[in-house]
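Worksheet: one structure, shown below.
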Amino acid sequence: MSGNIVTVFSSIKGIAPSLCDSNPSLLLNVLSDPALDGYGGTVEFDPSRLQEDTKASLAAAEILITEPFVLAKLLEHDPSGLSSLRWCQSTYAGVDPIFNARISLPRDWILTRFAGCFGPPIAEWALANMIAHERSFSASARDQKLKAWAGSASVLSYRYLSSLSVAILGCGDIGMCVAKAAKAFGMTTRGYGRTERSAVDDCIDFYTTKLEEALCGADYIVSVLPSTPETRGLLNGDALRACSGKPVVLLNAGRGDLISEDSIIKALDQRYLQAAYLDVFEVEPLPAESSLWEREDVVISPHVSALTQPSDVPAVFIENYERFIMGRELKYVVDWSKGY
């Protein structure tokens, strides 16, 4: 196959039409196979069930658009199954499934992240949950079912977001979107990242590379950190003891291995945490036997804080495609040595 042909093998329906609408001259090979099924947090993929023609198309693909976990499973199942690959465009921001897979790294092809689109929806998820928590929306819903006017005391007492502070763990483009949204409500923003910065955006009031400094005094913690060797288990153990001055609310839309389930429960039981809003988990789907399901101080969503929309793909892919064809450096290239 020509290197100009783009192979699409994704659970996200509508990517191909969006790409064609954006660039009608784009040559696509769209693969559909029963081995890949579902959407969002319900996707299932079994590479052992791939049809022969799909295997042949994948083996010939030089440019591939797919999910990171699909890529990882493909390579685990058949290390030579993508023998012609030169560039893979991930449909997700996080590429940790590839680094967690039982495959040899680095690879001899380019992997690019799906970047620049997930900031606004994750900011919406974070602020929506903050408002829901402060305004006790869940209590109002229970009162309505009971036909109880102001039946819950919590609906009569709330704080303005403008009086609160938020610690944002991860100050890349997603973290900056969360900070800007928080600032729009007048919140004080504290940013945490691994690298020193001589200057930060105006939407961050205080930036630090020291975790305890970021957490201390915060009312909310929003993590959008990727999964890397440095971030895995970052909030485990007594890390949240830094919040012991007042109970805080944790919102995790980054990666589930930031903090173990045991550490979440310990922090809630010891009142370092007042509540946890969790979109990501160590094991996904979250097992039915997890005690998190039964806790009233935990709100669970199935890794949907920012789903890739087909209409977002051209904005990220087309510019890189043109760069690739011209032999120029691509944007959002994953560093094999760093894991993101």
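Letters A, B, ... mark the chains of the structure tokens in the order given; residue numbers begin at 1 per chain; ligand numbers begin at 1, in order shown.
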Would you mind listing what lies within 9 Å of Lys266 of chain A as a VMD selection string, with only C-alpha atoms counted and same-chain residues fewer than 6 positions away left out?
-> chain A and resid 237 to 238 272 to 273
Residues within 8 Å of Pro120 of chain A, please, as a compact mmCIF listing (two decimals) with N, CA, C and O atoms, in the first residue's frame. Count only C-alpha atoms; anything in the same chain fewer than 2 positions from it doesn't count.
```txt
# COMPACT_ATOMS: atom_id res chain seq x y z
N CYS A 117 -7.53 18.67 22.42
CA CYS A 117 -9.00 18.60 22.36
C CYS A 117 -9.65 18.27 23.70
O CYS A 117 -10.83 18.57 23.90
N PHE A 118 -8.92 17.64 24.60
CA PHE A 118 -9.55 17.11 25.81
C PHE A 118 -9.62 18.11 26.96
O PHE A 118 -10.31 17.85 27.96
N ILE A 122 -12.74 18.00 29.92
CA ILE A 122 -12.31 17.61 31.27
C ILE A 122 -12.53 18.76 32.24
O ILE A 122 -12.91 18.55 33.40
N ALA A 123 -12.33 19.99 31.77
CA ALA A 123 -12.62 21.14 32.62
C ALA A 123 -14.11 21.19 32.96
O ALA A 123 -14.50 21.49 34.10
N GLU A 124 -14.96 20.89 31.97
CA GLU A 124 -16.40 20.83 32.23
C GLU A 124 -16.72 19.78 33.29
O GLU A 124 -17.52 20.02 34.20
N ILE A 174 -4.31 20.34 29.21
CA ILE A 174 -5.55 19.98 29.91
C ILE A 174 -5.62 20.69 31.25
O ILE A 174 -6.65 21.27 31.61
N CYS A 177 -6.59 24.26 30.92
CA CYS A 177 -8.03 24.46 30.67
C CYS A 177 -8.82 24.38 31.97
O CYS A 177 -9.75 25.16 32.19
N VAL A 178 -8.45 23.44 32.85
CA VAL A 178 -9.11 23.33 34.14
C VAL A 178 -8.87 24.59 34.95
O VAL A 178 -9.81 25.14 35.57
```
Identify, on the basis of only C-alpha atoms, every residue whose closest approach to segment 296-306 of chain A does not exceed 7 Å; exclude the query and any residue fewer than 6 positions from it along the same chain; express the result as a PyMOL selection string.
-> chain A and resi 40-41+118+121-122+125+253+275-280
Excluding same-chain residues fewer than 4 positions from Ile63 of chain A, what lies within 12 Å of it counting only C-alpha atoms, as a count of residues only?
-> 34
Where in segment 31-197 of chain A does DSSP assign strand (DSSP E or B), given as a PyMOL selection string?
-> chain A and resi 36-37+44-45+63-66+87-90+110-112+165-169+188-192
For N, CA and C atoms, I'd like the residues from the last selection saved as a PDB file, in the first residue's frame.
```
ATOM      1  N   LEU A  36     -13.217  -6.029  17.359  1.00  0.00           N
ATOM      2  CA  LEU A  36     -13.199  -4.738  18.037  1.00  0.00           C
ATOM      3  C   LEU A  36     -14.629  -4.244  18.153  1.00  0.00           C
ATOM      4  N   ASP A  37     -15.099  -4.080  19.389  1.00  0.00           N
ATOM      5  CA  ASP A  37     -16.504  -3.745  19.598  1.00  0.00           C
ATOM      6  C   ASP A  37     -16.645  -2.834  20.810  1.00  0.00           C
ATOM      7  N   GLU A  44     -14.169  -3.512  23.788  1.00  0.00           N
ATOM      8  CA  GLU A  44     -13.524  -4.810  23.947  1.00  0.00           C
ATOM      9  C   GLU A  44     -12.808  -5.152  22.651  1.00  0.00           C
ATOM     10  N   PHE A  45     -11.615  -5.718  22.791  1.00  0.00           N
ATOM     11  CA  PHE A  45     -10.842  -6.083  21.607  1.00  0.00           C
ATOM     12  C   PHE A  45     -10.097  -7.381  21.861  1.00  0.00           C
ATOM     13  N   ILE A  63       0.416   4.242   7.762  1.00  0.00           N
ATOM     14  CA  ILE A  63      -0.169   5.279   8.631  1.00  0.00           C
ATOM     15  C   ILE A  63      -1.423   4.678   9.245  1.00  0.00           C
ATOM     16  N   LEU A  64      -1.495   4.696  10.561  1.00  0.00           N
ATOM     17  CA  LEU A  64      -2.602   4.035  11.262  1.00  0.00           C
ATOM     18  C   LEU A  64      -3.205   4.959  12.305  1.00  0.00           C
ATOM     19  N   ILE A  65      -4.539   5.006  12.349  1.00  0.00           N
ATOM     20  CA  ILE A  65      -5.270   5.717  13.403  1.00  0.00           C
ATOM     21  C   ILE A  65      -5.978   4.660  14.235  1.00  0.00           C
ATOM     22  N   THR A  66      -5.683   4.626  15.535  1.00  0.00           N
ATOM     23  CA  THR A  66      -6.297   3.615  16.396  1.00  0.00           C
ATOM     24  C   THR A  66      -6.164   4.011  17.859  1.00  0.00           C
ATOM     25  N   TRP A  87       3.947   5.440  11.110  1.00  0.00           N
ATOM     26  CA  TRP A  87       3.384   6.455  12.024  1.00  0.00           C
ATOM     27  C   TRP A  87       2.020   5.989  12.497  1.00  0.00           C
ATOM     28  N   CYS A  88       1.801   6.064  13.809  1.00  0.00           N
ATOM     29  CA  CYS A  88       0.492   5.757  14.395  1.00  0.00           C
ATOM     30  C   CYS A  88      -0.034   6.973  15.132  1.00  0.00           C
ATOM     31  N   GLN A  89      -1.242   7.389  14.771  1.00  0.00           N
ATOM     32  CA  GLN A  89      -1.932   8.474  15.464  1.00  0.00           C
ATOM     33  C   GLN A  89      -2.875   7.878  16.495  1.00  0.00           C
ATOM     34  N   SER A  90      -2.607   8.135  17.765  1.00  0.00           N
ATOM     35  CA  SER A  90      -3.483   7.665  18.829  1.00  0.00           C
ATOM     36  C   SER A  90      -4.774   8.469  18.828  1.00  0.00           C
ATOM     37  N   ILE A 110       6.819   6.235  14.527  1.00  0.00           N
ATOM     38  CA  ILE A 110       6.419   7.414  15.301  1.00  0.00           C
ATOM     39  C   ILE A 110       5.027   7.204  15.874  1.00  0.00           C
ATOM     40  N   LEU A 111       4.871   7.573  17.139  1.00  0.00           N
ATOM     41  CA  LEU A 111       3.559   7.556  17.792  1.00  0.00           C
ATOM     42  C   LEU A 111       3.234   8.981  18.213  1.00  0.00           C
ATOM     43  N   THR A 112       2.050   9.460  17.836  1.00  0.00           N
ATOM     44  CA  THR A 112       1.628  10.803  18.244  1.00  0.00           C
ATOM     45  C   THR A 112       0.373  10.736  19.105  1.00  0.00           C
ATOM     46  N   SER A 165     -10.144  27.103  46.859  1.00  0.00           N
ATOM     47  CA  SER A 165      -8.920  26.926  46.073  1.00  0.00           C
ATOM     48  C   SER A 165      -8.868  25.516  45.503  1.00  0.00           C
ATOM     49  N   VAL A 166      -8.198  25.382  44.373  1.00  0.00           N
ATOM     50  CA  VAL A 166      -8.065  24.085  43.718  1.00  0.00           C
ATOM     51  C   VAL A 166      -6.604  23.840  43.384  1.00  0.00           C
ATOM     52  N   ALA A 167      -6.128  22.649  43.711  1.00  0.00           N
ATOM     53  CA  ALA A 167      -4.785  22.219  43.321  1.00  0.00           C
ATOM     54  C   ALA A 167      -4.922  21.380  42.058  1.00  0.00           C
ATOM     55  N   ILE A 168      -4.239  21.781  41.013  1.00  0.00           N
ATOM     56  CA  ILE A 168      -4.312  21.088  39.738  1.00  0.00           C
ATOM     57  C   ILE A 168      -3.004  20.332  39.526  1.00  0.00           C
ATOM     58  N   LEU A 169      -3.096  19.013  39.512  1.00  0.00           N
ATOM     59  CA  LEU A 169      -1.919  18.172  39.333  1.00  0.00           C
ATOM     60  C   LEU A 169      -1.774  17.859  37.842  1.00  0.00           C
ATOM     61  N   THR A 188      -9.077  30.255  43.584  1.00  0.00           N
ATOM     62  CA  THR A 188      -7.628  30.354  43.685  1.00  0.00           C
ATOM     63  C   THR A 188      -7.035  29.062  43.137  1.00  0.00           C
ATOM     64  N   THR A 189      -6.052  29.168  42.273  1.00  0.00           N
ATOM     65  CA  THR A 189      -5.518  27.995  41.594  1.00  0.00           C
ATOM     66  C   THR A 189      -4.061  27.747  41.976  1.00  0.00           C
ATOM     67  N   ARG A 190      -3.766  26.487  42.286  1.00  0.00           N
ATOM     68  CA  ARG A 190      -2.406  26.061  42.618  1.00  0.00           C
ATOM     69  C   ARG A 190      -2.030  24.962  41.627  1.00  0.00           C
ATOM     70  N   GLY A 191      -0.898  25.120  40.975  1.00  0.00           N
ATOM     71  CA  GLY A 191      -0.483  24.155  39.967  1.00  0.00           C
ATOM     72  C   GLY A 191       0.695  23.319  40.432  1.00  0.00           C
ATOM     73  N   TYR A 192       0.669  22.043  40.054  1.00  0.00           N
ATOM     74  CA  TYR A 192       1.780  21.134  40.368  1.00  0.00           C
ATOM     75  C   TYR A 192       2.258  20.471  39.083  1.00  0.00           C
TER      76      TYR A 192
END
```
Have a look at A:Asp96, A:Glu322, A:Asp78, A:Asp21 and name the one nearest to Gly339 of chain A; count only C-alpha atoms.
->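 Among A:Asp96, A:Glu322, A:Asp78, A:Asp21, it is A:Asp96 that comes nearest to Gly339 of chain A.
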Step one, run DSSP on the backbone; step two, keep only residues of segment 169-326 of chain A assigned to alpha helix (DSSP H); then write them as a ChimeraX atom specification.
-> /A:173-184,211-215,261-269,313-326
Using only C-alpha atoms, determine which residues lie at most 9 Å from Gly151 of chain A, disregarding the query and same-chain residues fewer than 4 positions distant; provide the list as a ChimeraX atom specification.
-> /A:139-140,142-144,146-147,155
Go ahead and write the selection's residues with C-alpha atoms as a short mmCIF file (atom, residue, chain, number, x, y, z; two decimals), in the first residue's frame.
```cif
data_model
loop_
_atom_site.label_atom_id
_atom_site.label_comp_id
_atom_site.auth_asym_id
_atom_site.auth_seq_id
_atom_site.Cartn_x
_atom_site.Cartn_y
_atom_site.Cartn_z
CA ALA A 139 -29.22 15.41 48.13
CA SER A 140 -31.73 17.50 46.19
CA ARG A 142 -33.10 12.32 47.02
CA ASP A 143 -35.36 15.00 48.52
CA GLN A 144 -37.36 15.14 45.30
CA LEU A 146 -39.17 11.73 48.96
CA LYS A 147 -41.20 14.87 48.14
CA VAL A 155 -28.87 21.94 50.37
#
```
To one decimal place, how far is atom CA of Asp219 of chain A from atom CA of Ser291 of chain A in Å?
->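 For atom CA of Asp219 of chain A relative to atom CA of Ser291 of chain A, the distance reads 24.7 Å.
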Near Arg135 of chain A, within 10 Å and counting only C-alpha atoms, which residues show up once chain neighbours fewer than 2 positions away are dropped, as JSON, numbers by chain?
-> {"A": [129, 130, 131, 132, 133, 137, 138, 139, 140, 154, 155, 156, 157, 158, 159, 160]}
